[in-house]
Amino acid sequence: MFKFITPTIACCLALFAQYSIADDYPNRPVKVIVPFAAGGGADIVARAVFQKVSTQLGQPFVIENKGSAGGIIGSDMVAKATPDGYTLLLGQTGPNAINPALFSKIPYDPVKDFSPIIQLTSYPYVLAVNLNLPEKNLGELVAYAKAHPGAITFSTAGNGSSAQLAAELFMKASKIQMTHVPYKGAGPALMDAVAGVVSMTFGDAGSSTPMVLDNRIRAIAVTSKNRSRLLPDVPSIAESGYPGFEAVAWHGILAPAKTPPAIVKKLNQEIAKALKDPELRSRFSKDGLEIIGGSPEDFSVYIKAEVDKWGKVVRESNIKID
């Protein structure tokens, strides 16, 4: 009988135990918290992805919507859940990159309290103006805004939203001043730009594109580095005189911190497989979503960069919610 276990043997035993757990995972239903209301963009993405993953792994992945407080409540539930792979989070730009700077107190740390699994998508915002505005391109819009500080009004889905942060980043890059008009949702923000209640809007590509193609509003730029597949004739802000400009929102999957690495790896592989499904890729493309994928490490680095980027924008723009 051995009286002691060497560090090497202990390490091997620990790895064996982890991979044994992963081999048996999942052996019961997995809960996926979407920290927003049912029927929204995040909810649609989560259901589409985990319908595929559920089929692959032979266990239900149950979507639970916990929408409130800008995604904070649902995100905190996952941060405090048992780190066993049976509670996951549909993460997004707001709860996991913007809120830590936006709110004076937040019950979780977006970096320390989660184990990133995989980034799912990213999507740009469309800078679209009312048809009565004479400005036809970004250069003309910036020139008018510089000559008339604050005269241009722009709508977004809400105060502190990622759309507003994209607009704030653009105003800093172009050195202009516009007036923000926050709405309770992307739909009303878009419709008031169409109606001329506000001069322009920063809306997501999925909801803005039908209005653009129907000639009810004019798109003059997108906030991604490259052009959107939905609007190939609309230039990016980056190619319109602001090299390097990028302001996109994203979805990703996270687990509580200290979730076993072998389970994180298995989930990453299975979700990456689901993201390759032609039907899912076609559906996301029609919604203006770019599929990202990548490793847990890639997603971890990206989240840290996003927290730093948007934290700086919030502080410099002096945006406060509470």
# chains A, B, ... in the order shown; residues from 1 in each chain; ligands from 1
$ residues_around --residues "segment 59-64 of chain A" --least-positions-apart "3" --cutoff "10 Å" --atoms "only C-alpha atoms" --output "number ranges by chain"
A: 25-38, 43, 46-47, 49-56, 67, 74, 86-90
$ select_by_dssp --residues "segment 48-268 of chain A" --states "helix (DSSP H, G or I)" --output "CSV table (one decimal) with C-alpha atoms, in the first residue's frame"
chain,number,residue,atom,x,y,z
A,48,ALA,CA,-31.2,28.4,-31.9
A,49,VAL,CA,-27.8,27.3,-30.6
A,50,PHE,CA,-28.9,25.1,-27.8
A,51,GLN,CA,-31.5,23.3,-29.9
A,52,LYS,CA,-28.6,22.0,-31.9
A,53,VAL,CA,-26.4,21.3,-28.8
A,54,SER,CA,-29.2,19.4,-27.1
A,55,THR,CA,-29.6,17.1,-30.1
A,56,GLN,CA,-25.8,16.5,-30.2
A,57,LEU,CA,-25.5,15.7,-26.5
A,69,ALA,CA,-32.1,45.4,-14.5
A,70,GLY,CA,-30.2,45.5,-17.8
A,71,GLY,CA,-29.3,41.8,-17.5
A,72,ILE,CA,-27.7,42.1,-14.1
A,73,ILE,CA,-30.1,39.8,-12.2
A,74,GLY,CA,-29.8,36.9,-14.6
A,75,SER,CA,-26.0,37.3,-14.9
A,76,ASP,CA,-25.6,37.4,-11.1
A,77,MET,CA,-27.6,34.2,-10.8
A,78,VAL,CA,-25.1,32.4,-13.0
A,79,ALA,CA,-22.1,34.0,-11.3
A,93,THR,CA,-22.1,43.3,-24.4
A,94,GLY,CA,-24.2,45.1,-21.8
A,95,PRO,CA,-24.1,42.8,-18.8
A,96,ASN,CA,-20.6,41.6,-19.4
A,97,ALA,CA,-18.7,44.6,-20.7
A,98,ILE,CA,-20.7,47.9,-20.2
A,99,ASN,CA,-22.6,47.5,-16.9
A,100,PRO,CA,-19.6,47.3,-14.6
A,101,ALA,CA,-18.7,50.9,-15.5
A,102,LEU,CA,-22.3,52.1,-16.0
A,138,LEU,CA,-21.0,60.4,-43.2
A,139,GLY,CA,-18.7,63.2,-44.3
A,140,GLU,CA,-21.7,65.5,-44.9
A,141,LEU,CA,-23.3,64.5,-41.6
A,142,VAL,CA,-20.1,65.2,-39.6
A,143,ALA,CA,-19.7,68.6,-41.4
A,144,TYR,CA,-23.2,69.6,-40.5
A,145,ALA,CA,-22.8,68.4,-36.9
A,146,LYS,CA,-19.6,70.4,-36.5
A,147,ALA,CA,-21.4,73.5,-37.8
A,162,SER,CA,-24.5,49.4,-26.3
A,163,ALA,CA,-26.1,51.4,-29.2
A,164,GLN,CA,-25.6,54.6,-27.2
A,165,LEU,CA,-22.0,53.6,-26.4
A,166,ALA,CA,-21.4,53.1,-30.1
A,167,ALA,CA,-22.7,56.6,-30.8
A,168,GLU,CA,-20.6,58.1,-28.0
A,169,LEU,CA,-17.5,56.4,-29.4
A,170,PHE,CA,-18.3,57.8,-32.9
A,171,MET,CA,-18.8,61.3,-31.5
A,172,LYS,CA,-15.4,61.1,-29.8
A,173,ALA,CA,-13.8,59.8,-33.0
A,174,SER,CA,-15.4,62.5,-35.2
A,186,ALA,CA,-35.0,49.3,-30.4
A,187,GLY,CA,-38.3,49.3,-32.2
A,188,PRO,CA,-39.6,52.6,-31.0
A,189,ALA,CA,-36.2,54.2,-31.5
A,190,LEU,CA,-36.2,53.1,-35.1
A,191,MET,CA,-39.7,54.1,-35.9
A,192,ASP,CA,-39.3,57.6,-34.5
A,193,ALA,CA,-36.2,58.1,-36.7
A,194,VAL,CA,-38.4,56.9,-39.7
A,195,ALA,CA,-41.1,59.4,-38.7
A,205,ALA,CA,-28.6,45.6,-38.5
A,206,GLY,CA,-31.3,43.0,-38.2
A,207,SER,CA,-34.1,45.4,-37.3
A,208,SER,CA,-32.8,48.4,-39.4
A,209,THR,CA,-32.2,46.6,-42.7
A,210,PRO,CA,-35.9,46.0,-43.6
A,211,MET,CA,-36.6,49.7,-43.2
A,212,VAL,CA,-33.5,50.6,-45.2
A,213,LEU,CA,-34.4,48.3,-48.1
A,238,ALA,CA,-13.8,52.8,-40.5
A,239,GLU,CA,-13.7,53.1,-44.3
A,240,SER,CA,-15.4,56.5,-44.2
A,261,PRO,CA,-11.8,23.0,-17.6
A,262,ALA,CA,-12.7,19.7,-19.2
A,263,ILE,CA,-16.4,20.6,-19.1
A,264,VAL,CA,-15.6,24.1,-20.5
A,265,LYS,CA,-13.7,22.4,-23.3
A,266,LYS,CA,-16.4,19.9,-24.1
A,267,LEU,CA,-19.1,22.7,-24.3
A,268,ASN,CA,-16.8,24.8,-26.5
$ atom_distance --atom1 "atom CA of Glu306 of chain A" --atom2 "atom CA of Ile291 of chain A"
17.6 Å
$ select_by_dssp --residues "segment 33-267 of chain A" --states "strand (DSSP E or B)" --output "PyMOL selection string"
chain A and resi 33-34+61-65+87-92+114-129+153-156+179-182+200-204+218-222+236+248-256
$ residues_around --residues "Ser285 of chain A" --least-positions-apart "5" --cutoff "9 Å" --atoms "only C-alpha atoms" --output "ChimeraX atom specification"
/A:229-230,280,290-291
$ residues_around --residues "Gln119 of chain A" --least-positions-apart "5" --cutoff "10 Å" --atoms "only C-alpha atoms" --output "ChimeraX atom specification"
/A:90-92,250-254,268,271-272,291-296,298-300,302-303
$ write_last_selection --atoms "C-alpha atoms" --output "PDB file, in the first residue's frame"
ATOM      1  CA  LEU A  90     -26.026  33.791 -22.511  1.00  0.00           C
ATOM      2  CA  GLY A  91     -23.626  36.699 -22.114  1.00  0.00           C
ATOM      3  CA  GLN A  92     -23.885  39.954 -23.995  1.00  0.00           C
ATOM      4  CA  TRP A 250     -21.967  40.353 -29.216  1.00  0.00           C
ATOM      5  CA  HIS A 251     -23.374  37.180 -27.685  1.00  0.00           C
ATOM      6  CA  GLY A 252     -21.401  34.465 -25.948  1.00  0.00           C
ATOM      7  CA  ILE A 253     -21.709  31.564 -23.525  1.00  0.00           C
ATOM      8  CA  LEU A 254     -20.226  31.662 -20.035  1.00  0.00           C
ATOM      9  CA  ASN A 268     -16.780  24.792 -26.464  1.00  0.00           C
ATOM     10  CA  ILE A 271     -21.205  24.675 -29.428  1.00  0.00           C
ATOM     11  CA  ALA A 272     -18.559  25.245 -32.123  1.00  0.00           C
ATOM     12  CA  ILE A 291     -20.691  33.883 -36.293  1.00  0.00           C
ATOM     13  CA  ILE A 292     -17.410  34.075 -34.359  1.00  0.00           C
ATOM     14  CA  GLY A 293     -16.581  30.858 -32.464  1.00  0.00           C
ATOM     15  CA  GLY A 294     -13.016  30.391 -31.188  1.00  0.00           C
ATOM     16  CA  SER A 295     -11.524  29.021 -27.980  1.00  0.00           C
ATOM     17  CA  PRO A 296     -12.395  29.814 -24.354  1.00  0.00           C
ATOM     18  CA  ASP A 298      -9.947  33.782 -27.187  1.00  0.00           C
ATOM     19  CA  PHE A 299     -13.260  34.750 -25.596  1.00  0.00           C
ATOM     20  CA  SER A 300     -11.615  35.524 -22.257  1.00  0.00           C
ATOM     21  CA  TYR A 302     -11.954  39.550 -25.869  1.00  0.00           C
ATOM     22  CA  ILE A 303     -14.147  40.132 -22.798  1.00  0.00           C
TER      23      ILE A 303
END
